[in-house]
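File shown: protein-v8.txt. Contents: compact mmCIF, C-alpha atoms and all ligand atoms.
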```
# COMPACT_ATOMS: atom_id res chain seq x y z
CA MET U 10 -14.58 -11.57 -41.91
CA TRP U 11 -13.33 -8.07 -42.61
CA SER U 12 -15.67 -6.50 -40.15
CA THR U 13 -14.58 -8.94 -37.45
CA LEU U 14 -10.96 -8.34 -38.26
CA SER U 15 -11.28 -4.58 -38.34
CA SER U 16 -13.19 -4.48 -35.08
CA VAL U 17 -10.50 -6.59 -33.48
CA VAL U 18 -7.89 -4.22 -34.87
CA LEU U 19 -9.89 -1.24 -33.63
CA LEU U 20 -10.33 -2.77 -30.23
CA PHE U 21 -6.65 -3.45 -29.96
CA TYR U 22 -5.86 0.03 -31.20
CA GLY U 23 -8.21 1.52 -28.64
CA TYR U 24 -6.62 -0.56 -25.94
CA VAL U 25 -3.13 0.53 -26.78
CA THR U 26 -3.81 4.20 -27.35
CA ALA U 27 -6.65 4.93 -24.89
CA ASP U 28 -5.77 8.06 -22.98
CA PRO U 29 -5.75 7.90 -19.21
CA ALA U 30 -8.65 9.56 -17.41
CA ARG U 31 -8.12 13.23 -16.61
CA PHE U 32 -8.74 15.02 -13.32
CA ASP U 33 -8.94 18.66 -14.36
CA GLY U 34 -10.36 20.73 -11.55
CA HIS U 35 -10.88 17.71 -9.31
CA LYS U 36 -10.22 18.70 -5.72
CA VAL U 37 -9.32 17.15 -2.43
CA LEU U 38 -10.76 19.00 0.55
CA GLN U 39 -9.53 18.73 4.08
CA ILE U 40 -12.61 19.01 6.24
CA LEU U 41 -12.43 19.67 9.96
CA PRO U 42 -15.74 19.42 11.80
CA ASN U 43 -15.90 21.49 15.00
CA SER U 44 -17.93 18.98 16.98
CA LEU U 45 -19.12 15.37 16.93
CA GLN U 46 -22.44 16.63 15.67
CA GLU U 47 -20.77 18.39 12.74
CA LEU U 48 -18.80 15.23 12.07
CA GLU U 49 -22.04 13.26 11.77
CA GLN U 50 -23.40 15.83 9.33
CA VAL U 51 -20.26 15.76 7.17
CA LEU U 52 -20.34 11.96 7.08
CA ALA U 53 -23.98 12.06 6.01
CA LEU U 54 -23.05 14.50 3.24
CA HIS U 55 -20.30 12.14 2.15
CA ASP U 56 -22.91 9.40 1.72
CA VAL U 57 -25.43 11.59 -0.10
CA TYR U 58 -22.90 12.70 -2.72
CA ASP U 59 -21.11 9.35 -2.81
CA LEU U 60 -17.74 11.02 -2.24
CA ASP U 61 -14.43 9.21 -2.05
CA MET U 62 -12.95 9.54 1.45
CA TRP U 63 -9.20 9.64 0.85
CA ARG U 64 -8.35 9.88 4.52
CA HIS U 65 -10.84 8.97 7.19
CA PRO U 66 -11.33 10.89 10.42
CA ARG U 67 -9.39 9.39 13.30
CA LYS U 68 -10.43 9.04 16.91
CA GLY U 69 -9.33 12.26 18.54
CA ASN U 70 -8.61 14.09 15.27
CA HIS U 71 -11.69 14.39 13.17
CA SER U 72 -10.17 16.01 10.12
CA MET U 73 -10.66 14.06 6.91
CA ASP U 74 -9.70 14.34 3.24
CA VAL U 75 -12.48 14.09 0.71
CA TYR U 76 -12.09 13.87 -3.05
CA VAL U 77 -14.67 15.91 -4.98
CA GLU U 78 -15.33 15.85 -8.71
CA PRO U 79 -16.10 19.25 -10.30
CA GLU U 80 -19.83 18.59 -10.79
CA LYS U 81 -20.29 17.99 -7.07
CA LEU U 82 -18.13 20.85 -5.88
CA GLU U 83 -20.66 23.66 -5.60
CA PRO U 84 -23.36 21.76 -3.70
CA VAL U 85 -20.79 20.10 -1.44
CA LEU U 86 -19.07 23.38 -0.54
CA GLY U 87 -22.47 24.96 0.06
CA ALA U 88 -23.55 22.19 2.37
CA LEU U 89 -20.24 22.29 4.25
CA LYS U 90 -20.72 26.00 4.78
CA ASP U 91 -24.19 25.39 6.21
CA ILE U 92 -22.81 22.74 8.54
CA GLY U 93 -20.12 25.14 9.68
CA ALA U 94 -17.22 22.71 9.33
CA HIS U 95 -13.79 24.12 8.60
CA VAL U 96 -12.70 23.48 4.98
CA LYS U 97 -9.25 23.75 3.45
CA ILE U 98 -8.35 22.89 -0.13
CA TRP U 99 -5.52 20.36 -0.01
CA ILE U 100 -5.44 19.70 -3.74
CA ASP U 101 -6.89 22.35 -6.01
CA ASP U 102 -6.36 20.58 -9.32
CA LEU U 103 -5.54 16.90 -9.18
CA GLN U 104 -4.61 16.85 -12.86
CA LYS U 105 -1.77 19.26 -12.11
CA LEU U 106 -0.31 16.81 -9.60
CA VAL U 107 -0.75 13.91 -12.01
CA ASP U 108 0.94 15.90 -14.79
CA GLU U 109 3.84 16.80 -12.53
CA GLU U 110 4.16 13.18 -11.53
CA GLN U 111 4.33 12.09 -15.17
CA SER U 112 6.79 14.76 -16.27
CA SER U 113 9.11 14.25 -13.31
CA MET U 114 9.19 10.55 -14.12
CA LYS U 115 10.17 11.25 -17.71
CA ARG U 116 12.87 13.67 -16.58
CA SER U 117 14.57 11.43 -14.07
CA PHE U 118 14.05 8.06 -15.65
CA HIS U 119 17.60 7.85 -16.91
CA LEU U 120 19.33 8.81 -13.70
CA PRO U 121 21.01 5.73 -12.39
CA TYR U 122 20.28 5.69 -8.69
CA THR U 123 22.22 4.65 -5.79
CA SER U 124 23.91 6.26 -2.88
CA GLN U 125 26.76 3.80 -3.42
CA GLY U 126 26.92 4.02 -7.20
CA ARG U 127 25.82 0.43 -7.67
CA ASN U 128 22.61 -1.01 -8.89
CA GLN U 129 22.73 0.70 -12.28
CA GLY U 130 19.64 0.87 -14.41
CA PHE U 131 17.16 1.08 -11.58
CA ASN U 132 16.50 4.06 -9.41
CA HIS U 133 14.33 5.17 -6.56
CA TYR U 134 13.31 8.51 -8.06
CA VAL U 135 10.30 7.30 -10.03
CA TYR U 136 7.35 4.95 -9.77
CA HIS U 137 8.15 1.91 -11.89
CA ARG U 138 5.87 -0.22 -14.01
CA TYR U 139 5.22 -3.93 -13.50
CA SER U 140 7.75 -5.10 -16.08
CA ALA U 141 10.54 -2.86 -14.76
CA ILE U 142 9.87 -4.09 -11.24
CA ASN U 143 10.12 -7.71 -12.33
CA GLN U 144 13.33 -6.95 -14.21
CA TYR U 145 14.78 -5.36 -11.09
CA LEU U 146 13.91 -8.39 -8.96
CA GLN U 147 15.59 -10.63 -11.50
CA ASP U 148 18.66 -8.36 -11.55
CA VAL U 149 18.89 -8.54 -7.76
CA VAL U 150 18.88 -12.34 -7.93
CA THR U 151 21.59 -12.28 -10.58
CA ALA U 152 23.69 -9.83 -8.57
CA THR U 153 23.57 -11.91 -5.40
CA ALA U 154 24.86 -14.95 -7.26
CA SER U 155 28.34 -13.48 -6.92
CA MET U 156 27.90 -12.19 -3.37
CA PRO U 157 29.36 -14.54 -0.77
CA THR U 158 27.14 -13.50 2.16
CA VAL U 159 23.78 -12.62 0.60
CA ASN U 160 21.42 -14.81 -1.33
CA ALA U 161 18.25 -13.87 -3.16
CA SER U 162 15.73 -16.17 -4.77
CA LEU U 163 12.59 -15.33 -6.66
CA THR U 164 9.32 -17.29 -6.57
CA THR U 165 6.05 -16.72 -8.35
CA ILE U 166 3.51 -17.37 -5.60
CA GLY U 167 0.48 -17.07 -7.84
CA PHE U 168 -1.12 -15.17 -10.68
CA SER U 169 -3.41 -12.17 -10.75
CA ALA U 170 -6.89 -12.20 -12.27
CA GLU U 171 -5.41 -10.98 -15.58
CA GLY U 172 -2.57 -13.49 -15.41
CA ARG U 173 0.33 -11.38 -14.18
CA ASP U 174 2.94 -12.89 -11.87
CA ILE U 175 2.79 -12.25 -8.15
CA LYS U 176 6.35 -12.53 -6.94
CA VAL U 177 8.13 -12.95 -3.67
CA ILE U 178 11.86 -12.42 -3.34
CA LYS U 179 13.57 -14.12 -0.43
CA ILE U 180 16.71 -12.47 0.85
CA SER U 181 18.85 -14.30 3.34
CA ARG U 182 22.41 -15.18 4.26
CA GLY U 183 22.18 -18.28 2.13
CA ASP U 184 24.37 -20.22 4.55
CA GLY U 185 21.94 -23.07 5.11
CA VAL U 186 20.85 -21.69 8.49
CA SER U 187 17.12 -21.16 8.84
CA ARG U 188 16.28 -17.99 10.73
CA PRO U 189 13.04 -16.48 11.96
CA SER U 190 11.41 -14.69 9.06
CA VAL U 191 9.72 -11.40 8.21
CA PHE U 192 7.22 -11.03 5.37
CA ILE U 193 6.73 -7.58 3.83
CA ASP U 194 4.32 -6.64 1.07
CA GLY U 195 3.24 -3.59 -0.86
CA GLY U 196 0.73 -2.64 -3.48
CA ILE U 197 -2.41 -4.36 -2.19
CA HIS U 198 -4.10 -1.11 -3.18
CA ALA U 199 -3.31 -0.05 -6.72
CA ARG U 200 -3.15 3.74 -6.41
CA GLU U 201 -0.84 3.75 -3.40
CA TRP U 202 2.26 3.87 -5.59
CA ILE U 203 4.65 4.76 -2.80
CA ALA U 204 4.08 1.35 -1.19
CA PRO U 205 5.69 -0.84 -3.88
CA ALA U 206 8.41 1.81 -4.25
CA THR U 207 9.20 1.50 -0.53
CA VAL U 208 9.36 -2.29 -0.57
CA LEU U 209 11.67 -2.18 -3.61
CA TYR U 210 13.91 0.23 -1.76
CA PHE U 211 14.06 -2.18 1.20
CA ILE U 212 15.16 -4.95 -1.16
CA GLY U 213 17.95 -2.78 -2.52
CA GLN U 214 19.19 -1.75 0.93
CA MET U 215 19.12 -5.33 2.15
CA VAL U 216 21.14 -6.65 -0.77
CA TYR U 217 23.52 -3.82 -1.69
CA GLY U 218 24.02 -2.49 1.84
CA ASP U 219 22.67 0.62 3.49
CA GLU U 220 24.07 3.86 4.82
CA PHE U 221 23.33 2.92 8.46
CA ASP U 222 25.03 -0.42 7.97
CA LEU U 223 22.07 -2.18 9.52
CA SER U 224 21.56 -4.74 6.78
CA PRO U 225 24.26 -7.16 8.06
CA GLN U 226 22.51 -7.36 11.44
CA LEU U 227 19.14 -7.70 9.77
CA LEU U 228 20.39 -10.61 7.68
CA ASP U 229 22.04 -12.25 10.68
CA LYS U 230 18.78 -12.11 12.58
CA PHE U 231 16.09 -12.88 9.98
CA ASP U 232 15.23 -14.41 6.63
CA TRP U 233 13.34 -11.80 4.61
CA PHE U 234 10.44 -12.25 2.22
CA PHE U 235 9.39 -9.29 0.10
CA ALA U 236 6.32 -9.13 -2.13
CA PRO U 237 6.57 -5.62 -3.60
CA LEU U 238 3.52 -5.78 -5.86
CA LEU U 239 0.59 -7.90 -4.68
CA ASN U 240 -1.97 -6.33 -7.01
CA PRO U 241 -0.19 -5.98 -10.36
CA ASP U 242 -3.39 -5.67 -12.44
CA GLY U 243 -4.73 -2.81 -10.39
CA TYR U 244 -1.29 -1.17 -10.35
CA GLU U 245 -0.92 -1.29 -14.12
CA TYR U 246 -4.47 -0.01 -14.54
CA SER U 247 -3.70 2.90 -12.24
CA HIS U 248 -0.68 3.75 -14.41
CA ALA U 249 -2.28 3.34 -17.82
CA THR U 250 -5.92 4.22 -17.38
CA TYR U 251 -7.17 5.52 -14.07
CA ARG U 252 -4.74 6.93 -11.51
CA LEU U 253 -7.16 6.51 -8.59
CA TRP U 254 -7.87 2.78 -8.99
CA ARG U 255 -7.82 0.87 -5.67
CA LYS U 256 -9.04 -2.73 -6.12
CA ASN U 257 -7.84 -5.64 -8.23
CA ARG U 258 -9.28 -5.95 -11.77
CA VAL U 259 -11.40 -9.06 -11.64
CA GLU U 260 -14.48 -8.80 -13.84
CA GLN U 261 -17.65 -8.57 -11.78
CA GLY U 262 -20.33 -8.10 -14.44
CA ARG U 263 -22.69 -5.07 -14.33
CA ASN U 264 -19.79 -3.31 -16.00
CA CYS U 265 -17.94 -3.20 -12.70
CA TYR U 266 -14.50 -4.46 -11.86
CA GLY U 267 -12.46 -5.31 -8.86
CA THR U 268 -12.48 -6.57 -5.31
CA ASP U 269 -10.81 -4.70 -2.48
CA LEU U 270 -8.10 -7.20 -1.59
CA ASN U 271 -7.79 -5.68 1.85
CA ARG U 272 -11.37 -6.66 2.62
CA ASN U 273 -10.96 -10.17 1.24
CA PHE U 274 -8.69 -11.93 3.75
CA GLY U 275 -10.27 -14.75 5.70
CA TYR U 276 -10.15 -13.89 9.36
CA GLN U 277 -13.44 -12.57 10.72
CA TRP U 278 -14.30 -11.69 7.12
CA ASN U 279 -17.43 -9.57 7.08
CA PRO U 280 -18.52 -7.14 4.33
CA ALA U 281 -20.77 -5.36 6.83
CA VAL U 282 -17.73 -4.16 8.77
CA GLY U 283 -16.04 -1.50 6.63
CA GLY U 284 -16.52 -3.40 3.38
CA SER U 285 -19.36 -3.83 0.93
CA THR U 286 -21.45 -6.46 -0.86
CA ASN U 287 -21.84 -4.12 -3.85
CA VAL U 288 -19.50 -5.26 -6.64
CA CYS U 289 -19.18 -1.67 -7.87
CA SER U 290 -18.04 -0.32 -4.50
CA ASP U 291 -14.40 0.63 -3.96
CA VAL U 292 -14.40 -1.51 -0.83
CA TYR U 293 -16.21 -4.56 -2.27
CA SER U 294 -15.21 -7.45 0.00
CA GLY U 295 -15.50 -10.21 -2.61
CA SER U 296 -18.07 -13.00 -2.84
CA GLN U 297 -16.45 -14.81 0.09
CA ALA U 298 -13.24 -14.79 2.09
CA PHE U 299 -10.25 -15.43 -0.17
CA SER U 300 -12.36 -15.32 -3.31
CA GLU U 301 -9.49 -13.54 -5.11
CA LYS U 302 -6.43 -15.09 -6.69
CA GLU U 303 -4.17 -12.38 -5.30
CA SER U 304 -5.23 -12.87 -1.67
CA GLN U 305 -5.18 -16.65 -2.12
CA ALA U 306 -1.58 -16.45 -3.30
CA VAL U 307 -0.60 -14.65 -0.10
CA GLU U 308 -2.59 -17.07 2.03
CA THR U 309 -0.93 -20.12 0.53
CA PHE U 310 2.56 -18.68 0.70
CA ILE U 311 2.31 -17.51 4.29
CA MET U 312 0.63 -20.72 5.46
CA ASP U 313 3.47 -22.70 3.87
CA ASN U 314 6.10 -20.58 5.60
CA ARG U 315 4.44 -19.61 8.82
CA GLN U 316 6.35 -21.83 11.28
CA ASN U 317 9.19 -19.34 11.54
CA MET U 318 7.35 -16.19 10.63
CA MET U 319 7.66 -13.54 13.32
CA ALA U 320 6.47 -10.44 11.57
CA TYR U 321 4.15 -9.40 8.76
CA LEU U 322 4.21 -5.83 7.50
CA THR U 323 1.94 -4.58 4.76
CA TYR U 324 2.68 -1.16 3.27
CA HIS U 325 -0.08 1.20 2.19
CA SER U 326 -0.54 4.94 1.85
CA TYR U 327 -1.36 7.44 3.07
CA GLY U 328 -1.72 9.04 6.53
CA GLN U 329 1.55 8.21 8.38
CA MET U 330 0.32 5.51 10.71
CA TRP U 331 1.79 2.30 12.07
CA LEU U 332 -1.26 0.13 12.82
CA TYR U 333 -1.71 -3.22 14.50
CA PRO U 334 -4.74 -5.53 14.83
CA TRP U 335 -7.55 -5.65 15.12
CA GLY U 336 -9.29 -4.02 12.22
CA TYR U 337 -12.49 -6.01 12.61
CA THR U 338 -13.18 -5.05 16.22
CA SER U 339 -12.23 -2.37 18.70
CA SER U 340 -10.96 -4.94 21.18
CA LEU U 341 -7.25 -5.60 21.24
CA PRO U 342 -5.13 -8.74 20.94
CA ALA U 343 -3.87 -10.07 24.29
CA ASP U 344 -0.28 -9.13 23.41
CA TRP U 345 -1.09 -5.68 22.05
CA GLN U 346 1.38 -3.95 24.36
CA GLU U 347 4.27 -5.80 22.75
CA LEU U 348 3.03 -4.83 19.29
CA ASP U 349 2.55 -1.28 20.43
CA SER U 350 6.02 -0.85 21.90
CA ALA U 351 7.75 -2.48 18.91
CA ALA U 352 5.85 -0.13 16.58
CA LYS U 353 6.95 2.82 18.69
CA VAL U 354 10.59 1.78 18.31
CA GLY U 355 9.99 1.88 14.54
CA THR U 356 8.25 5.24 14.43
CA ALA U 357 10.77 6.85 16.79
CA ALA U 358 13.65 5.70 14.57
CA LEU U 359 11.80 6.81 11.45
CA ALA U 360 11.23 10.29 12.88
CA GLN U 361 14.93 10.79 13.54
CA LEU U 362 15.76 11.51 9.91
CA TYR U 363 13.31 14.24 8.91
CA GLY U 364 11.00 14.52 11.92
CA THR U 365 8.17 12.73 10.10
CA ASN U 366 5.50 11.82 12.66
CA TYR U 367 3.59 8.56 12.61
CA VAL U 368 0.62 7.65 14.77
CA VAL U 369 0.72 4.22 16.46
CA GLY U 370 -2.33 2.22 17.51
CA SER U 371 -4.82 -0.47 16.56
CA SER U 372 -6.48 0.06 13.18
CA THR U 373 -9.96 0.20 14.59
CA ASN U 374 -9.01 2.54 17.36
CA VAL U 375 -6.97 5.05 15.41
CA LEU U 376 -8.77 4.70 12.09
CA TYR U 377 -12.03 2.83 11.58
CA SER U 378 -13.13 -0.77 11.65
CA ALA U 379 -12.71 -2.76 8.47
CA ALA U 380 -12.78 -6.55 8.42
CA GLY U 381 -10.91 -8.75 5.96
CA GLY U 382 -7.58 -6.93 6.16
CA SER U 383 -4.38 -8.87 5.51
CA ASP U 384 -2.96 -7.75 8.86
CA ASP U 385 -5.85 -9.26 10.84
CA TRP U 386 -5.52 -12.50 8.90
CA ALA U 387 -1.74 -12.70 9.32
CA LYS U 388 -2.15 -12.47 13.08
CA GLY U 389 -5.47 -14.24 13.68
CA GLY U 390 -5.42 -16.73 10.81
CA ALA U 391 -1.72 -17.48 10.35
CA GLY U 392 -0.50 -16.78 13.88
CA VAL U 393 2.20 -14.25 12.95
CA LYS U 394 2.80 -12.34 16.15
CA TYR U 395 3.93 -8.92 14.94
CA SER U 396 1.42 -7.94 12.27
CA TYR U 397 1.11 -4.35 11.01
CA THR U 398 -0.34 -2.11 8.36
CA ILE U 399 1.89 0.87 7.72
CA GLU U 400 0.37 3.92 6.06
CA LEU U 401 3.23 5.85 4.47
CA ARG U 402 3.55 9.56 3.57
CA ASP U 403 1.94 12.01 3.44
CA THR U 404 -0.85 13.40 5.63
CA GLY U 405 -2.90 14.73 2.74
CA ALA U 406 -1.09 17.54 0.95
CA HIS U 407 -0.67 15.20 -2.03
CA GLY U 408 -2.39 12.05 -0.83
CA PHE U 409 -1.99 9.13 -3.21
CA VAL U 410 -0.13 11.30 -5.72
CA LEU U 411 2.98 11.64 -3.58
CA PRO U 412 5.50 13.69 -5.60
CA THR U 413 8.45 11.74 -6.89
CA ASN U 414 10.89 13.93 -4.97
CA GLN U 415 9.47 12.43 -1.78
CA ILE U 416 10.09 8.83 -2.82
CA GLU U 417 13.66 8.77 -1.59
CA PRO U 418 13.16 10.51 1.78
CA ASN U 419 10.03 8.46 2.41
CA CYS U 420 11.90 5.24 1.68
CA ARG U 421 14.98 6.24 3.62
CA GLU U 422 13.09 7.03 6.81
CA SER U 423 10.91 3.94 6.38
CA TRP U 424 13.97 1.74 6.04
CA ARG U 425 15.40 3.19 9.22
CA GLY U 426 12.10 2.57 11.00
CA LEU U 427 11.79 -0.98 9.72
CA ALA U 428 15.38 -1.83 10.63
CA GLU U 429 15.22 -0.55 14.20
CA PHE U 430 11.84 -2.18 14.65
CA ALA U 431 13.11 -5.56 13.48
CA LEU U 432 16.30 -5.37 15.52
CA SER U 433 14.25 -4.66 18.64
CA LEU U 434 12.20 -7.86 18.36
CA ASN U 435 12.95 -10.63 20.78
CA THR U 436 13.40 -13.77 18.70
CA ASN U 437 13.83 -16.06 21.69
CA LYS U 438 10.19 -16.52 22.41
N1 LIG L 501 -6.28 1.95 4.79
C1 LIG L 501 -6.36 0.53 5.07
C2 LIG L 501 -7.66 0.00 4.52
O1 LIG L 501 -8.66 0.66 4.59
C3 LIG L 501 -6.26 0.27 6.55
C4 LIG L 501 -6.29 -1.15 6.91
C5 LIG L 501 -6.12 -1.36 8.38
N2 LIG L 501 -6.29 -2.74 8.73
C6 LIG L 501 -7.47 -3.33 8.87
N3 LIG L 501 -7.49 -4.61 9.12
N4 LIG L 501 -8.59 -2.66 8.77
O2 LIG L 501 -7.70 -1.06 3.96
ZN ZN L 502 -4.37 0.88 1.19
```
Output the file's structure in the form of structure tokens.
Ligand code: ARG
Ligand code: ZN
Amino acid sequence: MWSTLSSVVLLFYGYVTADPARFDGHKVLQILPNSLQELEQVLALHDVYDLDMWRHPRKGNHSMDVYVEPEKLEPVLGALKDIGAHVKIWIDDLQKLVDEEQSSMKRSFHLPYTSQGRNQGFNHYVYHRYSAINQYLQDVVTATASMPTVNASLTTIGFSAEGRDIKVIKISRGDGVSRPSVFIDGGIHAREWIAPATVLYFIGQMVYGDEFDLSPQLLDKFDWFFAPLLNPDGYEYSHATYRLWRKNRVEQGRNCYGTDLNRNFGYQWNPAVGGSTNVCSDVYSGSQAFSEKESQAVETFIMDNRQNMMAYLTYHSYGQMWLYPWGYTSSLPADWQELDSAAKVGTAALAQLYGTNYVVGSSTNVLYSAAGGSDDWAKGGAGVKYSYTIELRDTGAHGFVLPTNQIEPNCRESWRGLAEFALSLNTNK
């Protein structure tokens, strides 16, 4: 009895106090091969050492970011030298970035944010935890109760593998008129913290008003659905335990966890195309299409609401790209030119604020092929015309650990891009 009790207590204690993994001396290298042949050699090296490719080479720009643990550093740098590829150190000590992230969040946690002085208690200077995010969503709903021209309602569309809520907030005029809708999500990948932060910012701008005064037009034109945190288990794990976690946290056995939710959507699902059948892989596609509770929740919700759905945007990081289908093949949807020009309206508007450049194109053609993405499913499976994956800041200087002082400018420019994009859509067809 005592031994059981004390091991339970110990387990619990360990769970509560376990220190997060450290990244002292872990580096991110930017590698630029000088030829296609060098590119092949670098990719082979990446496989041999089982390195984590943070940013993949694009068509036309073959530079890539590769994360290297200290024990692999010497042989990897040696091999790169032999190949002759150009190497730059983007991140010299990942732990330093993670420490700065943590301390800046402690410093600014108490600053009440808002350009308008409203919206006390929540701010867009830090990366928030699951419970704070849920509290914010609830506060937004409460606030709109006394607003005559904006309505917000909160639905739990499903539960994560560990039982957390997956929430969608609907923001609309609340005048009984049903408008075409836009669905926006963030946080499919746990470590991409800027994505949920961006979606939360959108919610705030939509409800409390924005500096460009675009929100009234956006609400007149569309009903808005926001799912800021689709993978809450992975997100919490990336905060508490391992900053670089990507997948969800479903137990796989073999001491491995997680399915890559962005390989699990059920349109042309195929682990052989940019995914994996290995449960321990970071891009494990799941045992079958929609095997995961998190992707199922999205499927059900979008299928139930798809009649009026015009656009689906899923926010990720990083790389500064505005991508449209397909991800499973290099061929393009019949209406790709419309998707392309709408995306270019968005990226042009985005660039106006700070000159931040985004690349526009189909995911396979600018990036790499990967089947089972939510964007492919939204278009091919649910019939949502304007479907995109947006890769937010930056281009590699900080990668997934985007400094907190970039949250606001990133969100501000992204809001501008989203708004101009949405206003440019023709809702009459
Ligand atoms: N970085 C994203 C991923 O690897 C890009 C997804 C693009 N879309 C796609 N269907 N492959 O999941
Ligand atoms: Zn991602």
* Select all residues near (13.4, -15.9, 1.0) (cut-off 7 Å, inclusive, file coordinates), counting all atoms listed in the file, and output them as a list in words. => Ala161, Ser162, Ile178, Lys179, Ile180, Ser181, Asp232, Trp233 and Phe234 of chain U
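As for atom CA of U:Phe235 and atom CA of U:Val208, they are spaced 7.0 Å apart.
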* Residues at most 6 Å from ligand ZN 502 (chain L), using only C-alpha atoms and all ligand atoms? Could they come as number ranges by chain? -> U: 198, 325-326
Would you save the residues from that selection as a compact mmCIF listing (two decimals), keeping the file's coordinate frame, using C-alpha atoms?
```txt
# COMPACT_ATOMS: atom_id res chain seq x y z
CA HIS U 198 -4.10 -1.11 -3.18
CA HIS U 325 -0.08 1.20 2.19
CA SER U 326 -0.54 4.94 1.85
```
Contacts of chain U with ligand LIG 501 (chain L) up to 7 Å, shortest pair per row, all atoms listed in the file, as JSON lines:
```
{"residue": "U:Asn271", "atom": "CA", "partner": "L:LIG501", "partner_atom": "O2", "distance": 5.1}
{"residue": "U:Arg272", "atom": "CA", "partner": "L:LIG501", "partner_atom": "O2", "distance": 6.8}
{"residue": "U:His325", "atom": "CA", "partner": "L:LIG501", "partner_atom": "N1", "distance": 6.8}
{"residue": "U:Leu332", "atom": "CA", "partner": "L:LIG501", "partner_atom": "C5", "distance": 6.7}
{"residue": "U:Pro334", "atom": "CA", "partner": "L:LIG501", "partner_atom": "N3", "distance": 6.4}
{"residue": "U:Trp335", "atom": "CA", "partner": "L:LIG501", "partner_atom": "N3", "distance": 6.1}
{"residue": "U:Gly336", "atom": "CA", "partner": "L:LIG501", "partner_atom": "N3", "distance": 3.6}
{"residue": "U:Tyr337", "atom": "CA", "partner": "L:LIG501", "partner_atom": "N3", "distance": 6.3}
{"residue": "U:Ser372", "atom": "CA", "partner": "L:LIG501", "partner_atom": "C5", "distance": 5.0}
{"residue": "U:Thr373", "atom": "CA", "partner": "L:LIG501", "partner_atom": "N4", "distance": 6.6}
{"residue": "U:Ser378", "atom": "CA", "partner": "L:LIG501", "partner_atom": "N4", "distance": 5.7}
{"residue": "U:Ala379", "atom": "CA", "partner": "L:LIG501", "partner_atom": "N4", "distance": 4.1}
{"residue": "U:Ala380", "atom": "CA", "partner": "L:LIG501", "partner_atom": "N3", "distance": 5.7}
{"residue": "U:Gly381", "atom": "CA", "partner": "L:LIG501", "partner_atom": "N3", "distance": 6.2}
{"residue": "U:Gly382", "atom": "CA", "partner": "L:LIG501", "partner_atom": "N3", "distance": 3.8}
{"residue": "U:Ser383", "atom": "CA", "partner": "L:LIG501", "partner_atom": "N3", "distance": 6.4}
{"residue": "U:Asp384", "atom": "CA", "partner": "L:LIG501", "partner_atom": "N3", "distance": 5.5}
{"residue": "U:Asp385", "atom": "CA", "partner": "L:LIG501", "partner_atom": "N3", "distance": 5.2}
{"residue": "U:Thr398", "atom": "CA", "partner": "L:LIG501", "partner_atom": "C5", "distance": 5.8}
```
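Nearest residue to U:Thr309 among U:Ile166, U:Ala281, U:Ile142, U:Ile416 is U:Ile166, counting all atoms listed in the file.
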Could you please give me, as an mmCIF file with C-alpha atoms, keeping the file's coordinate frame, the residues of protein, DNA or RNA lying at most 6 Å from (1.6, 15.3, -8.6) in the coordinate frame of the file, considering all atoms listed in the file?
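Below is the file that was written, point-v2.cif:
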```
data_model
loop_
_atom_site.group_PDB
_atom_site.id
_atom_site.type_symbol
_atom_site.label_atom_id
_atom_site.label_comp_id
_atom_site.auth_asym_id
_atom_site.auth_seq_id
_atom_site.Cartn_x
_atom_site.Cartn_y
_atom_site.Cartn_z
ATOM 1 C CA LEU U 106 -0.310 16.810 -9.600
ATOM 2 C CA VAL U 107 -0.750 13.910 -12.010
ATOM 3 C CA GLU U 109 3.840 16.800 -12.530
ATOM 4 C CA GLU U 110 4.160 13.180 -11.530
ATOM 5 C CA VAL U 410 -0.130 11.300 -5.720
ATOM 6 C CA PRO U 412 5.500 13.690 -5.600
#
```
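Atom CA of U:Arg182 sits 8.6 Å away from atom CA of U:Pro157.
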Extending 4 Å beyond the listed atoms of stretch 45-48 of chain U on each side, what axis-aligned box results? I want centre and edge lengths in Å to one decimal, as JSON.
```
{"center_x": -20.6, "center_y": 16.8, "center_z": 14.5, "size_x": 11.6, "size_y": 11.2, "size_z": 12.9}
```
* Shell of 12 Å around U:Ala387, all atoms listed in the file, local chain residues under 2 positions omitted, as a PyMOL selection string -> chain U and resi 191-194+271+274-277+304+307-312+314-315+318-323+333-336+381-385+389-398
* To do: Excluding U:Gly172 and residues on its chain fewer than 6 positions from it, collect all residues at most 10 Å away from it, counting all atoms listed in the file, and give them as an MDAnalysis selection string.
  => chainID U and resid 241:242 302
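Considering all atoms listed in the file, the residue among U:Val282, U:Ala206, U:Ala152, U:Val75 positioned nearest to U:Arg138 is U:Ala206.
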* Name all residues at most 6 Å from U:Ser294 (count only C-alpha atoms; drop same-chain ones fewer than 4 positions away) and give them as a PyMOL selection string. => chain U and resi 269+272-273+280+284-285
* Residues at most 12 Å from U:Gln147, counting only C-alpha atoms, excluding those fewer than 3 positions away in the same chain, as a PyMOL selection string? -> chain U and resi 131+140-144+150-154+161-165+176-179+212
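Closest approach to U:His95 among U:Gly167, U:Gly355, U:Pro42, U:Pro79 is made by U:Pro42 (distances from all atoms listed in the file).
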Between stretch 136-204 of chain U and stretch 400-404 of chain U, at 10 Å or less, what are the per-residue closest atom pairs and their distances in Å? Count all atoms listed in the file, order by chain and rising residue number, and return it as JSON lines.
```
{"residue": "U:Glu201", "atom": "CA", "partner": "U:Leu401", "partner_atom": "CA", "distance": 9.1}
{"residue": "U:Ile203", "atom": "CA", "partner": "U:Leu401", "partner_atom": "CA", "distance": 7.5}
{"residue": "U:Ala204", "atom": "CA", "partner": "U:Leu401", "partner_atom": "CA", "distance": 7.3}
```
